[in-house]
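Colleague: File start37.cif follows (mmCIF, N, CA and C atoms):
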data_coords
loop_
_atom_site.label_atom_id
_atom_site.label_comp_id
_atom_site.auth_asym_id
_atom_site.auth_seq_id
_atom_site.Cartn_x
_atom_site.Cartn_y
_atom_site.Cartn_z
N MET A 136 10.35 2.19 -10.21
CA MET A 136 10.25 1.82 -8.80
C MET A 136 9.74 0.38 -8.66
N LYS A 137 8.88 -0.04 -9.57
CA LYS A 137 8.36 -1.41 -9.51
C LYS A 137 9.47 -2.43 -9.71
N GLU A 138 10.39 -2.13 -10.61
CA GLU A 138 11.53 -3.02 -10.85
C GLU A 138 12.42 -3.10 -9.61
N LEU A 139 12.62 -1.96 -8.95
CA LEU A 139 13.42 -1.93 -7.73
C LEU A 139 12.73 -2.72 -6.63
N MET A 140 11.42 -2.62 -6.54
CA MET A 140 10.65 -3.36 -5.53
C MET A 140 10.84 -4.86 -5.73
N THR A 141 10.78 -5.31 -6.97
CA THR A 141 10.99 -6.72 -7.28
C THR A 141 12.41 -7.13 -6.91
N GLN A 142 13.37 -6.29 -7.22
CA GLN A 142 14.77 -6.57 -6.89
C GLN A 142 14.97 -6.68 -5.38
N VAL A 143 14.32 -5.82 -4.61
CA VAL A 143 14.40 -5.86 -3.15
C VAL A 143 13.81 -7.16 -2.63
N LYS A 144 12.66 -7.55 -3.15
CA LYS A 144 12.02 -8.79 -2.72
C LYS A 144 12.90 -10.00 -3.05
N GLU A 145 13.50 -10.00 -4.23
CA GLU A 145 14.40 -11.09 -4.61
C GLU A 145 15.61 -11.13 -3.69
N LEU A 146 16.12 -9.97 -3.32
CA LEU A 146 17.26 -9.89 -2.42
C LEU A 146 16.90 -10.45 -1.04
N ILE A 147 15.71 -10.11 -0.55
CA ILE A 147 15.24 -10.63 0.74
C ILE A 147 15.20 -12.16 0.69
N ILE A 148 14.64 -12.70 -0.35
CA ILE A 148 14.51 -14.15 -0.50
C ILE A 148 15.88 -14.81 -0.62
N ASP A 149 16.73 -14.26 -1.48
CA ASP A 149 18.04 -14.87 -1.74
C ASP A 149 18.99 -14.78 -0.56
N CYS A 150 19.14 -13.60 0.01
CA CYS A 150 20.15 -13.43 1.07
C CYS A 150 19.73 -14.10 2.37
N LEU A 151 18.43 -14.30 2.57
CA LEU A 151 17.97 -14.93 3.81
C LEU A 151 17.59 -16.40 3.60
N GLY A 152 17.74 -16.89 2.37
CA GLY A 152 17.46 -18.30 2.10
C GLY A 152 16.01 -18.69 2.33
N LEU A 153 15.11 -17.82 1.96
CA LEU A 153 13.67 -18.09 2.13
C LEU A 153 13.15 -18.90 0.94
N GLU A 154 13.48 -20.17 0.90
CA GLU A 154 13.20 -21.02 -0.26
C GLU A 154 11.71 -21.26 -0.51
N ASP A 155 10.90 -21.19 0.54
CA ASP A 155 9.47 -21.48 0.40
C ASP A 155 8.64 -20.24 0.04
N ILE A 156 9.31 -19.12 -0.20
CA ILE A 156 8.62 -17.86 -0.47
C ILE A 156 9.02 -17.34 -1.84
N SER A 157 8.03 -16.83 -2.59
CA SER A 157 8.32 -16.22 -3.89
C SER A 157 8.10 -14.71 -3.79
N VAL A 158 8.53 -14.01 -4.82
CA VAL A 158 8.34 -12.56 -4.88
C VAL A 158 6.86 -12.22 -4.73
N ALA A 159 6.01 -13.00 -5.35
CA ALA A 159 4.57 -12.75 -5.30
C ALA A 159 3.99 -12.92 -3.89
N ASP A 160 4.66 -13.70 -3.06
CA ASP A 160 4.19 -13.92 -1.68
C ASP A 160 4.45 -12.74 -0.77
N ILE A 161 5.35 -11.85 -1.17
CA ILE A 161 5.70 -10.70 -0.33
C ILE A 161 4.93 -9.48 -0.81
N ASP A 162 3.89 -9.12 -0.08
CA ASP A 162 3.11 -7.93 -0.40
C ASP A 162 3.98 -6.70 -0.18
N ASP A 163 3.80 -5.69 -0.99
CA ASP A 163 4.62 -4.48 -0.91
C ASP A 163 4.63 -3.88 0.49
N ASP A 164 3.47 -3.92 1.17
CA ASP A 164 3.34 -3.29 2.49
C ASP A 164 3.42 -4.27 3.65
N LEU A 165 3.73 -5.53 3.38
CA LEU A 165 3.84 -6.54 4.42
C LEU A 165 5.01 -6.21 5.34
N ALA A 166 4.76 -6.21 6.65
CA ALA A 166 5.83 -5.97 7.62
C ALA A 166 6.86 -7.09 7.48
N LEU A 167 8.13 -6.71 7.41
CA LEU A 167 9.18 -7.71 7.27
C LEU A 167 9.51 -8.37 8.60
N PHE A 168 9.30 -7.65 9.70
CA PHE A 168 9.66 -8.15 11.02
C PHE A 168 8.42 -8.30 11.89
N GLY A 169 8.50 -9.19 12.86
CA GLY A 169 7.39 -9.38 13.79
C GLY A 169 6.52 -10.55 13.39
N ASP A 170 5.67 -10.95 14.34
CA ASP A 170 4.83 -12.12 14.16
C ASP A 170 3.77 -11.96 13.08
N GLU A 171 3.31 -10.74 12.86
CA GLU A 171 2.24 -10.52 11.90
C GLU A 171 2.76 -10.25 10.48
N GLY A 172 4.07 -10.21 10.32
CA GLY A 172 4.65 -9.96 9.02
C GLY A 172 5.36 -11.18 8.50
N LEU A 173 6.47 -10.94 7.85
CA LEU A 173 7.27 -12.01 7.27
C LEU A 173 8.00 -12.80 8.36
N GLY A 174 8.12 -12.21 9.54
CA GLY A 174 8.71 -12.90 10.68
C GLY A 174 10.22 -12.87 10.75
N LEU A 175 10.85 -11.87 10.11
CA LEU A 175 12.30 -11.76 10.17
C LEU A 175 12.73 -11.30 11.56
N ASP A 176 13.98 -11.58 11.92
CA ASP A 176 14.50 -11.17 13.22
C ASP A 176 15.72 -10.27 13.05
N SER A 177 16.37 -9.94 14.17
CA SER A 177 17.49 -8.99 14.13
C SER A 177 18.68 -9.53 13.34
N VAL A 178 18.92 -10.83 13.39
CA VAL A 178 20.01 -11.42 12.60
C VAL A 178 19.70 -11.27 11.11
N ASP A 179 18.44 -11.50 10.74
CA ASP A 179 18.02 -11.30 9.35
C ASP A 179 18.22 -9.85 8.93
N ALA A 180 17.94 -8.92 9.84
CA ALA A 180 18.11 -7.49 9.53
C ALA A 180 19.56 -7.18 9.22
N LEU A 181 20.48 -7.75 10.01
CA LEU A 181 21.90 -7.52 9.76
C LEU A 181 22.32 -8.08 8.40
N GLU A 182 21.89 -9.30 8.11
CA GLU A 182 22.23 -9.93 6.83
C GLU A 182 21.64 -9.14 5.66
N LEU A 183 20.40 -8.72 5.80
CA LEU A 183 19.75 -7.95 4.75
C LEU A 183 20.42 -6.59 4.56
N GLY A 184 20.78 -5.95 5.66
CA GLY A 184 21.48 -4.67 5.59
C GLY A 184 22.81 -4.79 4.85
N LEU A 185 23.55 -5.84 5.15
CA LEU A 185 24.83 -6.06 4.46
C LEU A 185 24.61 -6.33 2.97
N ALA A 186 23.59 -7.11 2.65
CA ALA A 186 23.29 -7.41 1.25
C ALA A 186 22.89 -6.15 0.49
N ILE A 187 22.14 -5.27 1.14
CA ILE A 187 21.73 -4.01 0.50
C ILE A 187 22.96 -3.13 0.27
N GLN A 188 23.83 -3.05 1.26
CA GLN A 188 25.05 -2.25 1.10
C GLN A 188 25.88 -2.76 -0.07
N LYS A 189 26.03 -4.07 -0.16
CA LYS A 189 26.84 -4.68 -1.21
C LYS A 189 26.17 -4.54 -2.58
N THR A 190 24.89 -4.83 -2.65
CA THR A 190 24.17 -4.81 -3.93
C THR A 190 24.00 -3.41 -4.49
N PHE A 191 23.64 -2.46 -3.63
CA PHE A 191 23.30 -1.12 -4.09
C PHE A 191 24.38 -0.08 -3.80
N GLY A 192 25.45 -0.48 -3.13
CA GLY A 192 26.53 0.44 -2.83
C GLY A 192 26.15 1.54 -1.87
N LEU A 193 25.22 1.25 -0.96
CA LEU A 193 24.77 2.26 0.00
C LEU A 193 25.44 2.07 1.34
N GLN A 194 25.71 3.16 2.00
CA GLN A 194 26.18 3.11 3.39
C GLN A 194 24.95 3.34 4.26
N MET A 195 24.58 2.33 5.03
CA MET A 195 23.38 2.43 5.86
C MET A 195 23.64 3.35 7.04
N GLU A 196 22.61 4.09 7.44
CA GLU A 196 22.69 4.97 8.60
C GLU A 196 22.81 4.12 9.87
N SER A 197 23.43 4.68 10.89
CA SER A 197 23.56 3.93 12.14
C SER A 197 22.43 4.23 13.12
N ASP A 198 21.56 5.15 12.80
CA ASP A 198 20.44 5.51 13.67
C ASP A 198 19.39 4.40 13.61
N GLY A 199 19.27 3.64 14.69
CA GLY A 199 18.37 2.50 14.73
C GLY A 199 16.91 2.82 14.47
N SER A 200 16.42 3.95 14.98
CA SER A 200 15.01 4.28 14.79
C SER A 200 14.71 4.56 13.32
N GLN A 201 15.63 5.23 12.64
CA GLN A 201 15.44 5.50 11.21
C GLN A 201 15.50 4.21 10.41
N LEU A 202 16.45 3.34 10.75
CA LEU A 202 16.59 2.08 10.02
C LEU A 202 15.35 1.22 10.17
N ARG A 203 14.75 1.21 11.35
CA ARG A 203 13.52 0.44 11.55
C ARG A 203 12.42 0.91 10.61
N GLU A 204 12.33 2.21 10.44
CA GLU A 204 11.33 2.74 9.51
C GLU A 204 11.62 2.30 8.08
N HIS A 205 12.89 2.36 7.68
CA HIS A 205 13.27 1.98 6.32
C HIS A 205 13.07 0.49 6.08
N PHE A 206 13.29 -0.31 7.09
CA PHE A 206 13.20 -1.77 6.96
C PHE A 206 11.80 -2.31 7.27
N TYR A 207 10.81 -1.45 7.38
CA TYR A 207 9.46 -1.91 7.75
C TYR A 207 8.89 -2.88 6.73
N SER A 208 8.98 -2.54 5.45
CA SER A 208 8.39 -3.37 4.39
C SER A 208 9.27 -3.29 3.14
N ALA A 209 8.95 -4.11 2.16
CA ALA A 209 9.67 -4.05 0.89
C ALA A 209 9.50 -2.67 0.25
N LYS A 210 8.31 -2.08 0.42
CA LYS A 210 8.02 -0.77 -0.15
C LYS A 210 8.88 0.32 0.48
N THR A 211 8.99 0.32 1.81
CA THR A 211 9.79 1.35 2.48
C THR A 211 11.28 1.14 2.22
N LEU A 212 11.68 -0.10 2.10
CA LEU A 212 13.09 -0.40 1.80
C LEU A 212 13.45 0.05 0.39
N ALA A 213 12.57 -0.22 -0.57
CA ALA A 213 12.81 0.22 -1.95
C ALA A 213 12.84 1.75 -2.04
N ALA A 214 11.95 2.42 -1.29
CA ALA A 214 11.94 3.88 -1.29
C ALA A 214 13.24 4.43 -0.71
N TYR A 215 13.74 3.80 0.37
CA TYR A 215 15.00 4.22 0.98
C TYR A 215 16.15 4.08 -0.02
N ILE A 216 16.21 2.94 -0.69
CA ILE A 216 17.27 2.70 -1.67
C ILE A 216 17.17 3.71 -2.81
N ASN A 217 15.96 3.90 -3.33
CA ASN A 217 15.74 4.83 -4.42
C ASN A 217 16.15 6.26 -4.04
N ASP A 218 15.73 6.70 -2.86
CA ASP A 218 16.05 8.06 -2.41
C ASP A 218 17.55 8.26 -2.22
N ASN A 219 18.22 7.27 -1.67
CA ASN A 219 19.64 7.42 -1.38
C ASN A 219 20.51 7.23 -2.62
N GLN A 220 20.07 6.43 -3.56
CA GLN A 220 20.82 6.31 -4.81
C GLN A 220 20.69 7.59 -5.64
N SER A 221 19.50 8.13 -5.71
CA SER A 221 19.28 9.31 -6.55
C SER A 221 19.88 10.57 -5.93
N SER A 222 20.03 10.58 -4.59
CA SER A 222 20.61 11.77 -3.97
C SER A 222 22.13 11.67 -3.83
N GLY A 223 22.68 10.54 -4.28
CA GLY A 223 24.12 10.39 -4.28
C GLY A 223 24.73 10.01 -2.94
N ILE A 224 23.90 9.57 -2.00
CA ILE A 224 24.42 9.15 -0.70
C ILE A 224 24.76 7.68 -0.78
N ASN A 225 25.88 7.38 -1.41
CA ASN A 225 26.34 6.00 -1.44
C ASN A 225 27.86 6.00 -1.37
N SER A 226 28.39 4.83 -1.10
CA SER A 226 29.84 4.77 -0.88
C SER A 226 30.61 4.59 -2.16
#
Would you put the structure from the file into structure tokens?

Modeller:
Amino acid sequence: MKELMTQVKELIIDCLGLEDISVADIDDDLALFGDEGLGLDSVDALELGLAIQKTFGLQMESDGSQLREHFYSAKTLAAYINDNQSSGINS
């Protein structure tokens, strides 16, 4: 899971072009969105969602409330990817 967490953080940095941020700068529980977190916005969420689908072969759910929970932090995103890959819910 730790390797997946690092991969998720690298994906966040790479796909969103966050050049001034390193993997070490993103705390596992840091909120990805909002003023008190990493400060990502809805456009970033779309880009990140597409990158996750492409990288991990997952079909993201369309339920917005569930997706918000999954996209809360690097930790929740890694858990979502891990759960859906291991349960075979991918395209």

Colleague: Just to confirm, what's the straight-line distance from atom C of Ile187 (chain A) to atom C of Gly169 (chain A) in Å (one decimal)?

Modeller: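 Atom C of Gly169 (chain A) lies at a distance of 22.3 Å from atom C of Ile187 (chain A).
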
Colleague: How many Å lie between CA of Ala166 (chain A) and CA of Gln188 (chain A), rounded to one decimal?

Modeller: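 These two atoms are separated by 20.6 Å.
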
Colleague: Within 12 Å of (4.6, -10.6, 5.5) in the file's own coordinates, which protein, DNA or RNA residues have an atom, counting only C-alpha atoms? List them as a ChimeraX atom specification.

Modeller: /A:144,147,156-175,207-210

Colleague: Applying the PyMOL selection byres ((chain A and resi 140) around 8) to the file I just gave you, which residues come out? Please list them as a ChimeraX atom specification.

Modeller: /A:136-139,141-146,163,209-210,212-214

Colleague: So, counting only N, CA and C atoms, which residue among A:Cys150, A:His205, A:Thr211, A:Ser200 is closest to Leu183 (chain A)?

Modeller: A:Cys150

Colleague: Tell me, in Å to one decimal, how far CA of Gln220 (chain A) is from atom C of Phe206 (chain A).

Modeller: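 Between these atoms lies a distance of 17.4 Å.
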
Colleague: With DSSP run on the backbone, what are the helix (DSSP H, G or I) residues within chain A? I'd like them as a PyMOL selection string.

Modeller: chain A and resi 137-151+158-160+177-191+199-205+209-221
